[in-house]
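Engineer: Just dropping this structure here.
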Amino acid sequence: MTTDARPTRRQYPHAERQDVVQELHGLRVPDPYRWLEHAGSAATIRWSAEQETLYAAERTSWPGLERWEAEVAALNSVDRVWSPKVRGDRVFWLRQDAGREHPVLVVAGAGAGTAERVLLDPGALDPSGRTVLDSWEPSVEGDLLAFQVSRDGTEDSVLRVLDVATGAVVDGPVDRVRKSSIGWLPGGGAFYYVRYLDPRLHPGEERYHRRVQLHRLGTAPETDAVVFGEGRDRTEFYSVSVTADGRWLAVTATLGTGRGTDLHLADLATGPLDRPALRPVQEGRVAATRLHVVPGTGPGDLVWLRTDRDAARGRVVACRPAELHLGPGAWREVVPERPGAVLTHLVVLSGPELKHPLGLAAWTRDTVAEVTVHDLVEGRQVATVPLPGTGAVGDFTAGPPGGHEAWFAYTDFVTAPRVLRFDARTLRVTRWERDAPDTRAVGGAVTRQVAFPSRDGTTVRMFVISPAGRPDRPRPALLTGYGGFGRTMSPRYRAQVLAWVRAGGVFAWAGLRGGGEEGEAWHRAGSGEHKQNTFDDFAAAADRLLADGWTEPGGLAVMGGSNGGLLVGAALTQQPEKYAAVVCMAPLLDMVRYELSGLGPSWTPEYGSAQDPARLPTLLGYSPYHRVTPGTAYPAVLLTAADGDTRTDPLHARKMCAALQHATSGDGPVLLRLERGVGHGERSASRAVALQAECLAFLASRVGLPAPERPGPASP
């Protein structure tokens with residue numbers, strides 16, 4: 001065991017470097033800060049407290065922090081609603097008024113102009129603001145509501161059922177559900193859901209093994225029948241759905257957070273509810289497939305599949321339920337794959353006023369949303385839906401069975417999310433009448449998209465948001481990306497983006513391999529053994545910003561979170577000279593041991609496992625923690641973590657912080673911001689604003705971007 005007494009430019013908290021070396025498949029893997037994995041040890045608690053003191057002291061030196069916070073708060077302070085769910089004679093939706101810490105769940109009569117009332121308010125459940133509403137699902141008739149809440153950011157949800165008319169809780173609690181999907185049966189007496197194993201019976205495995213179960217209201221959860229999941233891979237995630245008529249149960253199984261899905265369907269009319277005869281529709285395929293069944297469907301009618309099987313960018317096929325198990329040979333294509341566009345959503349509408357069921361389909365082309373309408377029987381496109389701008393769509397919901405309405409959200413870099421209503425009778429889209437009335441576009445920012453070659457010649461695209469719309473002069477620039485899990489970096493309203501730009505900077509939003517910007521092949525090209533492509537794309541984006549004159553050396557900062565934290569950690573350790581400052585949020589950084597904590601075991605389909613001799617060299621080759629080299633002039637680094645994060649354990653940020661503080665010869669600080677009582681994502685509005693503002697102030701202080709003079713509200 002050794003310690004390090006090397007002098008540094010800053011006096012960092014002492015962190016013992018231990019002679020811990022693990023041998024894996026013949027490779028020696030040093031891990032000098034493994035002791036920092038133990039959050040509750042006296043040494044880690046002492047070191048963490050000293051890091052908090054250091055962070056607080058450094059924070060006071062950032063110019064204009066209060067103005068950054070005021071600007072982010074002003075831009076974040078917009079009224080927002082989410083797409084509604086109509087059940088029976090009621091409509092339910094989330095609403096977050098400007099200044100409110102959390103969204104509330106609102107209910108009203110389904111008719112226009114009916115009175116609204118707040119059904120669930122997380123602030124009333126917990127005035128501390130540390131409880132969030134994770135998920136909710138009304139019953140078929142709309143008289144009951146299953147809702148899930150968690151506390152302190154853990155996402156370990158507890159499910160209860162309340163009576164919508166009275167607000168009284170009538171069932172629960174059911175623990176170990178973690179944002180489970182809910183498949184209500186008609187009448188409201190039972191539902192299917194997903195639950196984790198009991199930790200008392202399976203110590204250490206409860207986060208990874210899941211089961212689909214049937215819960216009958218008024219019975220103990222311990223008696224719930226298991227209907228799917230026994231003997232299957234422990235890293236699978238499940239989702240369930242039941243048609244409103246109670247006829248069909250669909251179970252989707254995704255291995256880890258990959259995109260390939262197994263799909264099973266059961267006709268509940270042919271067997272007991274607690275032993276449904278689930279038949280495989282698709283198994284053991286890399287392809288992602290989603291099933292769409294409308295109520296009233298019989299074995300001889302049509303159902304639809306949205307799939308990228310044999311169509312990497314996605315298509316829609318029709319089939320009869322009795323023939324689904326036969327595979328693609330029984331499928332009839334009704335919406336073909338589109339060159340250059342990726343299919344992202346499908347809503348099926350089948351009202352009595354429609355000649356045939358219609359499919360409302362959403363696509364991304366070069367990361368920008370398009371929406372089309374298709375006759376799902378004749379297999380022809382009948383309309384293109386106009387959108388308010390160049391942006392993204394999502395949060396699709398459909399009206400009650402037999403209805404002609406659907407809703408979806410639209411947003412772009414300067415437009416806060418707004419809810420649009422689609423009428424299948426007229427093929428028209430209008431603003432939903434209950435949407436926030438003051439959703440406006442924000443001035444002072446212009447968006448353009450640029451394309452450029454990566455290291456291997458692959459074309460990559462990014463959005464550049466700037467005050468001028470073109471490189472008028474070099475400005476402080478902030479680059480971000482994600483590049484993982486098939487997630488698309490679509491244009492979206494973000495207060496921190498606009499705050500940076502309205503202060504005079506340039507914000508770049510890159511779509512990298514590993515994401516979903518160009519379909520599943522694009523995702524696979526940046527995952528597993530190809531992960532270095534993601535980092536090469538990001539480096540090429542940085543080079544393009546410099547080459548085009550958007551910024552200049554010393555003026556480029558990078559920021560990323562979660563898988564994006566891994567991204568900027570790799571950028572930091574592979575080309576430290578390129579960046580003036582780095583913000584690394586809720587990151588994965590030790591890629592040799594990532595699968596031993598948090599939700600790491602479920603991510604091996606994305607990254608590979610260090611237990612695999614063929615994958616270890618790749619993981620070790622880019623693992624940021626293992627690439628930290630003493631004597632390197634690293635840029636200023638801010639690592640952020642949350643003690644309630646059950647996805648990416650804060651141990652990654654702690655170990656990386658200690659390694660960088662030991663190694664760096666640079667002038668910039670290496671800091672750790674540890675937040676308590678929150679987790680990986682959801683937090684109260686004020687805490688989200690504080691986090692974003694501090695990150696921007698830190699970066700701005702390193703690249704010379706003055707703080708905003710005064711906060712500016714959204715402009716018409």
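Numbering starts fresh at 1 for the residues of each chain in the structure tokens, the chains themselves are lettered A, B, ... in the order given, and ligands are numbered from 1 as they appear.
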With only C-alpha atoms as the counted atoms, please give the residues lying no more than 9 Å from range 659-674 of chain A, apart from itself and same-chain residues fewer than 5 positions off, as a VMD selection string.

Structural biologist: chain A and resid 4 6 8 to 10 12 to 13 15 17 32 to 33 48 51 to 52 54 to 56 58 580 to 581 625 to 626 628 to 643 650 653 to 654 702

Engineer: At a cut-off of 12 Å, can you tabulate as a tab-separated table every residue of range 224-290 of chain A near range 136-154 of chain A together with its closest atom pair and the distance in Å to one decimal, using only C-alpha atoms and ordering rows by chain then number?

Structural biologist:
residue	atom	partner	partner_atom	distance
A:Ser241	CA	A:Glu137	CA	11.1
A:Val242	CA	A:Val140	CA	9.8
A:Thr243	CA	A:Val140	CA	9.1
A:Ala244	CA	A:Val140	CA	6.0
A:Asp245	CA	A:Val140	CA	8.5
A:Gly246	CA	A:Val140	CA	9.3

Engineer: Quick one: which range 397-473 of chain A residues come within 9 Å of range 374-388 of chain A, and what is the nearest atom pair for each with the distance in Å to one decimal, counting only C-alpha atoms, rows ordered by chain and ascending number, as a Markdown table?

Structural biologist:
| residue | atom | partner | partner_atom | distance |
| --- | --- | --- | --- | --- |
| A:Tyr410 | CA | A:Pro388 | CA | 7.8 |
| A:Thr411 | CA | A:Pro388 | CA | 8.6 |
| A:Phe422 | CA | A:Val385 | CA | 8.8 |
| A:Leu427 | CA | A:Ala383 | CA | 7.1 |
| A:Arg428 | CA | A:Val385 | CA | 7.3 |
| A:Val429 | CA | A:Val385 | CA | 7.1 |

Engineer: Output N, CA, C and O atoms of each residue in that selection to a file, as a short mmCIF file (atom, residue, chain, number, x, y, z; two decimals), in the first residue's frame.

Structural biologist:
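Written file, result22.cif:
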data_model
loop_
_atom_site.label_atom_id
_atom_site.label_comp_id
_atom_site.auth_asym_id
_atom_site.auth_seq_id
_atom_site.Cartn_x
_atom_site.Cartn_y
_atom_site.Cartn_z
N TYR A 410 -45.06 18.55 -29.23
CA TYR A 410 -44.07 19.10 -30.16
C TYR A 410 -43.15 20.06 -29.40
O TYR A 410 -43.60 20.81 -28.53
N THR A 411 -41.86 20.04 -29.75
CA THR A 411 -40.92 20.99 -29.17
C THR A 411 -39.76 21.19 -30.13
O THR A 411 -39.52 20.36 -31.02
N PHE A 422 -54.75 15.53 -32.92
CA PHE A 422 -54.98 15.04 -34.28
C PHE A 422 -56.39 14.47 -34.37
O PHE A 422 -56.80 13.66 -33.54
N LEU A 427 -58.16 14.72 -40.61
CA LEU A 427 -56.70 14.65 -40.81
C LEU A 427 -56.03 15.97 -40.46
O LEU A 427 -54.95 16.28 -40.96
N ARG A 428 -56.65 16.73 -39.56
CA ARG A 428 -56.11 18.03 -39.16
C ARG A 428 -55.50 17.95 -37.77
O ARG A 428 -55.93 17.16 -36.92
N VAL A 429 -54.52 18.83 -37.54
CA VAL A 429 -53.89 18.97 -36.23
C VAL A 429 -54.15 20.38 -35.72
O VAL A 429 -53.97 21.36 -36.45
#

Engineer: Write out as a PyMOL selection string all residues of range 361-539 of chain A that backbone DSSP assigns to alpha helix (DSSP H).

Structural biologist: chain A and resi 495-502+520-524+532-539

Engineer: Residues as selected, N, CA, C and O atoms, written as a CSV table (one decimal), in the first residue's frame, can you do that?

Structural biologist:
chain,number,residue,atom,x,y,z
A,495,ALA,N,-33.6,24.9,-21.1
A,495,ALA,CA,-33.3,26.2,-20.6
A,495,ALA,C,-31.8,26.5,-20.6
A,495,ALA,O,-31.4,27.6,-20.9
A,496,GLN,N,-31.0,25.5,-20.3
A,496,GLN,CA,-29.5,25.7,-20.2
A,496,GLN,C,-29.0,26.0,-21.6
A,496,GLN,O,-28.0,26.8,-21.7
A,497,VAL,N,-29.6,25.4,-22.6
A,497,VAL,CA,-29.1,25.7,-24.0
A,497,VAL,C,-29.4,27.2,-24.3
A,497,VAL,O,-28.5,27.9,-24.8
A,498,LEU,N,-30.6,27.7,-24.1
A,498,LEU,CA,-30.9,29.0,-24.4
A,498,LEU,C,-30.2,30.0,-23.5
A,498,LEU,O,-29.8,31.1,-24.0
A,499,ALA,N,-30.0,29.7,-22.2
A,499,ALA,CA,-29.2,30.6,-21.3
A,499,ALA,C,-27.8,30.8,-21.9
A,499,ALA,O,-27.3,32.0,-21.9
A,500,TRP,N,-27.2,29.8,-22.3
A,500,TRP,CA,-25.8,29.9,-22.8
A,500,TRP,C,-25.8,30.7,-24.1
A,500,TRP,O,-24.9,31.6,-24.3
A,501,VAL,N,-26.7,30.5,-25.0
A,501,VAL,CA,-26.8,31.2,-26.3
A,501,VAL,C,-27.1,32.7,-26.0
A,501,VAL,O,-26.5,33.6,-26.6
A,502,ARG,N,-28.1,32.9,-25.2
A,502,ARG,CA,-28.5,34.3,-25.0
A,502,ARG,C,-27.5,35.1,-24.2
A,502,ARG,O,-27.5,36.4,-24.3
A,520,GLU,N,-31.3,1.5,-36.3
A,520,GLU,CA,-30.6,0.5,-35.5
A,520,GLU,C,-29.2,0.2,-35.9
A,520,GLU,O,-28.3,0.0,-35.1
A,521,ALA,N,-28.9,0.3,-37.2
A,521,ALA,CA,-27.5,0.1,-37.7
A,521,ALA,C,-26.6,1.2,-37.1
A,521,ALA,O,-25.5,0.9,-36.7
A,522,TRP,N,-27.1,2.4,-37.0
A,522,TRP,CA,-26.4,3.5,-36.4
A,522,TRP,C,-26.1,3.2,-34.9
A,522,TRP,O,-25.1,3.5,-34.4
A,523,HIS,N,-27.1,2.7,-34.2
A,523,HIS,CA,-27.0,2.4,-32.8
A,523,HIS,C,-25.9,1.3,-32.7
A,523,HIS,O,-24.9,1.5,-31.8
A,524,ARG,N,-25.9,0.2,-33.4
A,524,ARG,CA,-25.0,-0.8,-33.3
A,524,ARG,C,-23.6,-0.4,-33.6
A,524,ARG,O,-22.6,-0.9,-33.1
A,532,GLN,N,-15.8,3.0,-29.7
A,532,GLN,CA,-14.9,4.1,-30.0
A,532,GLN,C,-15.4,5.0,-31.1
A,532,GLN,O,-15.1,6.2,-31.1
A,533,ASN,N,-16.3,4.5,-31.9
A,533,ASN,CA,-16.9,5.4,-33.0
A,533,ASN,C,-17.6,6.5,-32.4
A,533,ASN,O,-17.6,7.6,-32.9
A,534,THR,N,-18.3,6.3,-31.3
A,534,THR,CA,-19.0,7.4,-30.6
A,534,THR,C,-18.1,8.5,-30.2
A,534,THR,O,-18.3,9.7,-30.4
A,535,PHE,N,-16.9,8.1,-29.6
A,535,PHE,CA,-16.0,9.1,-29.2
A,535,PHE,C,-15.3,9.8,-30.3
A,535,PHE,O,-15.0,11.0,-30.3
A,536,ASP,N,-15.1,9.1,-31.4
A,536,ASP,CA,-14.5,9.7,-32.6
A,536,ASP,C,-15.4,10.7,-33.2
A,536,ASP,O,-15.0,11.8,-33.7
A,537,ASP,N,-16.7,10.4,-33.3
A,537,ASP,CA,-17.7,11.3,-33.8
A,537,ASP,C,-17.8,12.6,-33.0
A,537,ASP,O,-17.9,13.7,-33.5
A,538,PHE,N,-17.7,12.5,-31.7
A,538,PHE,CA,-17.7,13.6,-30.8
A,538,PHE,C,-16.5,14.5,-31.0
A,538,PHE,O,-16.6,15.7,-31.1
A,539,ALA,N,-15.3,13.9,-31.1
A,539,ALA,CA,-14.1,14.6,-31.4
A,539,ALA,C,-14.2,15.3,-32.8
A,539,ALA,O,-13.7,16.5,-32.9

Engineer: With only C-alpha atoms as the atoms that count, which of A:His325, A:His404, A:Arg195, A:Arg34 lies nearest to His215 in chain A?

Structural biologist: A:Arg195
